[in-house]
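Notes follow the structure.
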Amino acid sequence: MTELRKRSHPKWKNIVSTALFLILLGLLAWYVYTHWNEMSKLLLLSPQTVATLLGLGLASCVINCLYHLLILKAFNLKLSLTDWMGVVCVTDSIAYVLPMRADLVFSATYYKRVKGLAYTKSVAITAGNAVFGVAFSLFQIVIALLCMGLIDGQWPGLLWALTAAGIVALAVFLWLSLRAESRLRVKLEKYKLVADVIEGFNALIRNGGLLWRLLLCMIAGNLVRLFINMVCFQAAGLPINLYEALFYSSVSWLASVVAIVPGNVGLRESVMGAATLALGAMFSEGVASSLLNRVTMMFVYIAMGLIFAIPVLRRFNRGKGHLNRNEEPADSEIYRAGNNAETTGASACEKNAK
């Protein structure tokens, strides 16, 4: 299989993405200019607030790197600090400046060249990250909405409907993914890459031990992001409580899942503005909070990315891309867990049949 860096996207996609990015960036700049009275508060932060945000941002970055380390370790990869923390910081920095998910292309190519990890497994990891994050965010939103209803007496019907639609869509996706591995496998024989990605994703969600470790890591990361949002909203002039912060941090994460333009600039701010408006606050307060959150995380990831850029690129350029034992599903912890589960289920069926 040729490397992903040799598979360039059609030029028209890059042109459309770049044009959309410039339009959204221009609209965001126009909105900040027309609401400068509210946005100017962000320039008056105290040194203590700045230090708090940077400290929380760094903690979030470290937890995010540990989360990726847990998944990569499931493939029995021998990883140095550069291979996990360095790559995560560099790729997240790339996501802020390049379109068309160039960050995912780089990370997949890096692990293929340096560690021999198949591209399909990198895609399965990406799908797993998105699905785990979406599921956890929807769960947090349900908790936040229940708190708003039981404590504040607010039951926003639109937000409940959107959350229910998200849960249904997630359940359908998981059902289709698991079904594709059995009844639909014959139909996917022509599309081996799709079948391999589905197999890798299903192996991830069947690995109970890995899921529990990832859950603990996600809880820690979401707690940090929750406090970041509380500080950002406080700086924007809208103090919020814990369950409101839980809601906003979840919405903010969901707004960044599909990166249409670099960093989803303008889109995430719009979603956060609409979320604050739905809860009775001002649209501008959501935009200001999202901007401060964005600047904080951009500063942290770009700074960390610059620290690791040289060692990551050095290892990337030295990589030869040869397949090794990590290419084989049987040598991976997540595949062994999935195979054990299937074997146990098959044995139980045989006993019942007898």
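FYI, nothing fancy with the structure tokens labels: chains A, B, ... in order, residues from 1 per chain, ligands from 1 as they appear.
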Review point. Can you list every residue in stretch 67-160 of chain A that DSSP puts in alpha helix (DSSP H), as a VMD selection string?
Key: chain A and resid 67 to 73 81 87 to 95 102 to 115 119 to 147 157 to 160
Per residue of stretch 22-128 of chain A within 9 Å of stretch 277-285 of chain A, record the nearest atom pair and its distance in Å to one decimal, counting only C-alpha atoms, with rows in chain order and ascending residue number, as JSON lines.
```
{"residue": "A:Tyr31", "atom": "CA", "partner": "A:Ser284", "partner_atom": "CA", "distance": 8.8}
{"residue": "A:Val32", "atom": "CA", "partner": "A:Ser284", "partner_atom": "CA", "distance": 8.8}
{"residue": "A:His35", "atom": "CA", "partner": "A:Ser284", "partner_atom": "CA", "distance": 7.4}
{"residue": "A:Glu38", "atom": "CA", "partner": "A:Ser284", "partner_atom": "CA", "distance": 7.1}
{"residue": "A:Met39", "atom": "CA", "partner": "A:Ser284", "partner_atom": "CA", "distance": 8.0}
```
Could you save those same residues with C-alpha atoms as an mmCIF file, in the first residue's frame?
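Output saved as part-v9.cif:
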```cif
data_model
loop_
_atom_site.group_PDB
_atom_site.id
_atom_site.type_symbol
_atom_site.label_atom_id
_atom_site.label_comp_id
_atom_site.auth_asym_id
_atom_site.auth_seq_id
_atom_site.Cartn_x
_atom_site.Cartn_y
_atom_site.Cartn_z
ATOM 1 C CA TYR A 31 -18.305 39.749 14.395
ATOM 2 C CA VAL A 32 -15.470 40.506 16.821
ATOM 3 C CA HIS A 35 -19.022 43.442 19.186
ATOM 4 C CA GLU A 38 -17.852 42.569 24.744
ATOM 5 C CA MET A 39 -14.722 41.057 23.147
#
```
Practice item. Compile the contact shell of A:Thr18 as a ChimeraX atom specification: residues with an atom at most 10 Å away, counting only C-alpha atoms, same-chain residues fewer than 6 positions apart removed. Key: /A:12,24,98-100,260-262
Selection above as a file: N, CA and C atoms, as a compact mmCIF listing (two decimals), in the first residue's frame:
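Now in out-v7.txt:
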```
# COMPACT_ATOMS: atom_id res chain seq x y z
N TRP A 12 -9.76 20.53 -6.03
CA TRP A 12 -10.96 21.32 -5.79
C TRP A 12 -11.40 21.26 -4.34
N LEU A 24 -15.18 32.07 6.68
CA LEU A 24 -15.52 31.96 8.10
C LEU A 24 -14.62 32.81 8.97
N LEU A 98 -3.78 23.64 8.82
CA LEU A 98 -3.93 23.00 7.52
C LEU A 98 -5.33 22.39 7.37
N PRO A 99 -5.89 22.46 6.15
CA PRO A 99 -7.25 21.92 5.91
C PRO A 99 -7.24 20.43 5.60
N MET A 100 -8.43 19.89 5.39
CA MET A 100 -8.65 18.52 4.91
C MET A 100 -8.02 17.47 5.81
N ILE A 260 -14.14 20.73 9.17
CA ILE A 260 -14.36 21.14 7.78
C ILE A 260 -13.27 22.10 7.34
N VAL A 261 -12.89 22.99 8.24
CA VAL A 261 -11.80 23.94 8.00
C VAL A 261 -10.82 23.82 9.16
N PRO A 262 -9.61 24.34 9.01
CA PRO A 262 -8.61 24.23 10.10
C PRO A 262 -9.16 24.72 11.44
```
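Closest approach to A:Trp84 among A:Leu104, A:Ile141, A:Val312, A:Ile307: A:Val312, based on only C-alpha atoms.
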Review point. Using only C-alpha atoms, which of A:Ile23, A:Val105, A:Tyr248, A:Leu79 sits nearest A:Ala144?
Key: A:Tyr248
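Among the candidates A:Ala135, A:Ser270, A:Lys41, A:Gly128, the one nearest to A:Ala171 when counting only C-alpha atoms is A:Ala135.
The shortest atom-to-atom distance to A:Leu146, with only C-alpha atoms taken into account, belongs to A:Leu159 out of A:Ala259, A:Val231, A:Met85, A:Leu159.
We find atom CA of A:Val123 and atom CA of A:Glu269 to be spaced 27.5 Å apart.
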